[in-house]
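**Student:** Dropping the structure in here first, questions after.
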Amino acid sequence: MHHSTHENSSVLLEMIHQVTENGESGMLEAMRVLLNEAMKVERSNSLDAAPYERNENRLGYANGYKNKTVNTRLGAMKLNIPQVRGEIDFYPSSLEKGLRSERALMTAMAESYIQGTSTRKVTKLLEKMCGLSVSKSQVSRVVSELDESLEKWRNRPLGKYHYLLVDARYEKVRVDKTVRDCALLIAYGIDESGKRSVLGTSVSLSEAEVHWRNFFLSLNARGLHGLKMITSDSHSGLKAALTTVFGSIPWQRCQFHLQQNAGAYVPKKAMRSEVAQDIRDIFNTPSKQDAERLLKLTCLKYENSASQLSEWMESALPEGFSVFDLDRSCWTKLRTTNMIERQNREILRRTRTVSIFPNEASLLRLASAILMELDETWIATKRVYLSV
């Protein structure tokens, strides 16, 4: 049985995280073996036949290997690229994918190093990886090559998507000798067949509403249409931007975050678990009417013991009710931003290596490389996320 290319790529990427985190000399060999292995399995998958297997459906034949030396941050890596003859064009995507995120990380670090803004950790890694011989021209060559492909992906035309999930996370960026929080906005889409895509990403230090508004406008300009609902947490400026750009589309505020936000309005610690349970009960009712009825009762219940909580619930919780208007099979996947949280952990694992980005462009570069890779993985696995 063949493993999917996706599985191998994720093993490979896991390996790259190891490399970026440990930078040990033994990792180069481990990575080389793994990459060679992943490419071999990928060749078998594309040929639809294992090595030496007789198979009616096979699309071509394995044709040995071609040696290629690839420069990585750990040094030169000698690889055996599997060759194919027959009616099939083959080039291992695991190699491309692995090296792309590798290069983006390398570039952010090299930039950080060259501008003299690096942390000790970054410098040490760079000494080990490049023997300090990183020149500005080398970096700018890698940067422009990489930026071109990432920008093309970020601006590609979009089509019809029924659901949009958006989120912001913050990373540290150095600006004029001070370190500031920079917003990284990400949009995910679910199409009419229930498959996921990463639609786009944007980085900016600018005022929140303007950034969100420009980001949404750019999605529209790229041809995004057919939306039935937008799910997100309540980030600053987000709601105003949604009203401006997607005024007629229902907004679902993340139910999980709503439960967390309630904590700020609970006067006594002892009440916390009861309040959390009451909110869960409201969200778990079978219909919007039931949720509205139970919300009224719950607001009354806390009117005297926690008046601020009661007022907050009355205005905030209905923002988590939009999902009730959709088919029930969509509720669990679209009522929270949990799907995004999983991807965020992945992004954080990679941005942690850089810690402080030398500029907005280097953050955008690394985020785009990670997200483009995720998008390609989703396309390759053809897995349906939402049974529509």
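Residue names in the structure tokens use chain letters A, B, ... in the order shown, residue numbers from 1 in each chain, and ligand numbers from 1 in the order shown.
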If you run DSSP on this backbone, which residues of stretch 125-298 of chain A come out as strand (DSSP E or B), and could you give them as an MDAnalysis selection string?

**Tutor:** chainID A and resid 160 163:175 178:190 196:204 225 229:232 251:253

**Student:** Compile the contact shell of A:Tyr188 as an mmCIF file with all heavy atoms, in the first residue's frame: residues with an atom at most 9 Å away, counting only C-alpha atoms, same-chain residues fewer than 3 positions apart removed.

**Tutor:**
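Okay, result29.cif is ready:
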```cif
data_model
loop_
_atom_site.group_PDB
_atom_site.id
_atom_site.type_symbol
_atom_site.label_atom_id
_atom_site.label_comp_id
_atom_site.auth_asym_id
_atom_site.auth_seq_id
_atom_site.Cartn_x
_atom_site.Cartn_y
_atom_site.Cartn_z
ATOM 1 N N TYR A 163 -17.962 29.549 2.636
ATOM 2 C CA TYR A 163 -17.645 29.980 3.995
ATOM 3 C C TYR A 163 -16.243 30.568 4.071
ATOM 4 O O TYR A 163 -15.313 30.057 3.438
ATOM 5 C CB TYR A 163 -17.784 28.810 4.979
ATOM 6 C CG TYR A 163 -19.128 28.152 4.863
ATOM 7 C CD1 TYR A 163 -19.256 26.892 4.283
ATOM 8 C CD2 TYR A 163 -20.277 28.816 5.287
ATOM 9 C CE1 TYR A 163 -20.514 26.308 4.127
ATOM 10 C CE2 TYR A 163 -21.532 28.243 5.136
ATOM 11 C CZ TYR A 163 -21.645 26.985 4.552
ATOM 12 O OH TYR A 163 -22.885 26.428 4.397
ATOM 13 N N LEU A 164 -16.145 31.638 4.841
ATOM 14 C CA LEU A 164 -14.864 32.317 5.028
ATOM 15 C C LEU A 164 -14.554 32.288 6.521
ATOM 16 O O LEU A 164 -15.406 32.620 7.332
ATOM 17 C CB LEU A 164 -14.996 33.759 4.528
ATOM 18 C CG LEU A 164 -13.771 34.672 4.569
ATOM 19 C CD1 LEU A 164 -12.708 34.187 3.604
ATOM 20 C CD2 LEU A 164 -14.159 36.105 4.220
ATOM 21 N N LEU A 165 -13.336 31.865 6.871
ATOM 22 C CA LEU A 165 -12.901 31.917 8.276
ATOM 23 C C LEU A 165 -11.681 32.817 8.319
ATOM 24 O O LEU A 165 -10.732 32.609 7.561
ATOM 25 C CB LEU A 165 -12.542 30.519 8.800
ATOM 26 C CG LEU A 165 -13.716 29.542 8.966
ATOM 27 C CD1 LEU A 165 -13.858 28.679 7.731
ATOM 28 C CD2 LEU A 165 -13.511 28.651 10.180
ATOM 29 N N VAL A 166 -11.727 33.850 9.158
ATOM 30 C CA VAL A 166 -10.597 34.784 9.199
ATOM 31 C C VAL A 166 -10.059 34.933 10.615
ATOM 32 O O VAL A 166 -10.783 34.761 11.595
ATOM 33 C CB VAL A 166 -10.965 36.185 8.632
ATOM 34 C CG1 VAL A 166 -11.172 36.119 7.145
ATOM 35 C CG2 VAL A 166 -12.174 36.773 9.322
ATOM 36 N N ASP A 167 -8.774 35.248 10.682
ATOM 37 C CA ASP A 167 -8.149 35.373 11.989
ATOM 38 C C ASP A 167 -6.950 36.306 11.914
ATOM 39 O O ASP A 167 -6.370 36.503 10.851
ATOM 40 C CB ASP A 167 -7.696 34.002 12.484
ATOM 41 C CG ASP A 167 -7.328 34.029 13.966
ATOM 42 O OD1 ASP A 167 -8.070 34.670 14.733
ATOM 43 O OD2 ASP A 167 -6.311 33.446 14.341
ATOM 44 N N ARG A 196 -11.167 22.742 1.811
ATOM 45 C CA ARG A 196 -10.565 23.942 2.396
ATOM 46 C C ARG A 196 -9.461 24.512 1.521
ATOM 47 O O ARG A 196 -8.750 23.768 0.849
ATOM 48 C CB ARG A 196 -9.928 23.602 3.745
ATOM 49 C CG ARG A 196 -10.890 23.268 4.811
ATOM 50 C CD ARG A 196 -10.175 23.038 6.124
ATOM 51 N NE ARG A 196 -9.464 21.753 6.161
ATOM 52 C CZ ARG A 196 -8.810 21.319 7.234
ATOM 53 N NH1 ARG A 196 -8.767 22.061 8.319
ATOM 54 N NH2 ARG A 196 -8.196 20.158 7.226
ATOM 55 N N SER A 197 -9.285 25.829 1.595
ATOM 56 C CA SER A 197 -8.159 26.500 0.936
ATOM 57 C C SER A 197 -7.692 27.642 1.816
ATOM 58 O O SER A 197 -8.473 28.205 2.577
ATOM 59 C CB SER A 197 -8.594 27.125 -0.394
ATOM 60 O OG SER A 197 -8.961 26.140 -1.305
ATOM 61 N N VAL A 198 -6.410 27.978 1.677
ATOM 62 C CA VAL A 198 -5.923 29.210 2.295
ATOM 63 C C VAL A 198 -6.100 30.275 1.225
ATOM 64 O O VAL A 198 -5.500 30.193 0.157
ATOM 65 C CB VAL A 198 -4.425 29.107 2.679
ATOM 66 C CG1 VAL A 198 -3.985 30.393 3.364
ATOM 67 C CG2 VAL A 198 -4.177 27.914 3.585
ATOM 68 N N LEU A 199 -6.951 31.269 1.474
ATOM 69 C CA LEU A 199 -7.261 32.245 0.425
ATOM 70 C C LEU A 199 -6.245 33.375 0.360
ATOM 71 O O LEU A 199 -5.973 33.910 -0.701
ATOM 72 C CB LEU A 199 -8.662 32.833 0.642
ATOM 73 C CG LEU A 199 -9.816 31.827 0.671
ATOM 74 C CD1 LEU A 199 -11.143 32.550 0.721
ATOM 75 C CD2 LEU A 199 -9.770 30.890 -0.524
ATOM 76 N N GLY A 200 -5.688 33.752 1.509
ATOM 77 C CA GLY A 200 -4.730 34.851 1.455
ATOM 78 C C GLY A 200 -4.212 35.228 2.826
ATOM 79 O O GLY A 200 -4.717 34.766 3.858
ATOM 80 N N ILE A 340 -8.743 27.172 12.696
ATOM 81 C CA ILE A 340 -7.680 28.167 12.527
ATOM 82 C C ILE A 340 -6.644 28.035 13.636
ATOM 83 O O ILE A 340 -5.445 28.162 13.393
ATOM 84 C CB ILE A 340 -8.280 29.590 12.548
ATOM 85 C CG1 ILE A 340 -9.222 29.783 11.346
ATOM 86 C CG2 ILE A 340 -7.189 30.658 12.551
ATOM 87 C CD1 ILE A 340 -9.937 31.112 11.318
#
```

**Student:** Can you list, as a ChimeraX atom specification, every protein, DNA or RNA residue that comes within 12 Å of A:Ala208 when you count only C-alpha atoms, leaving out same-chain residues fewer than 2 positions away?

**Tutor:** /A:168-170,181-185,202-206,210-215,234-241

**Student:** With a distance cut-off of 12 Å and only C-alpha atoms, select the neighbouring residues of stretch 284-286 of chain A, excluding the residue or stretch itself and same-chain residues fewer than 4 positions from it, and output the selection as number ranges by chain.

**Tutor:** A: 255, 277-280, 290-295, 320-321, 323-325, 327-328, 331-332, 335

**Student:** Enter the distance from atom CA of A:Ser307 to atom CA of A:Val275, in Å, rounded to one decimal.

**Tutor:**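 Distance reported for this atom pair: 12.9 Å.
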
**Student:** Give me, as a list in words, all polymer residues having an atom no more than 9 Å from A:Tyr65, counting only C-alpha atoms and skipping those fewer than 5 positions away in the same chain.

**Tutor:**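 Listed by chain and then number, they are Asn80, Ile81, Pro82, Gln83 and Val84 of chain A.
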
**Student:** Interatomic distance between atom CA of A:Val388 and atom CA of A:Leu326?

**Tutor:** 10.5 Å
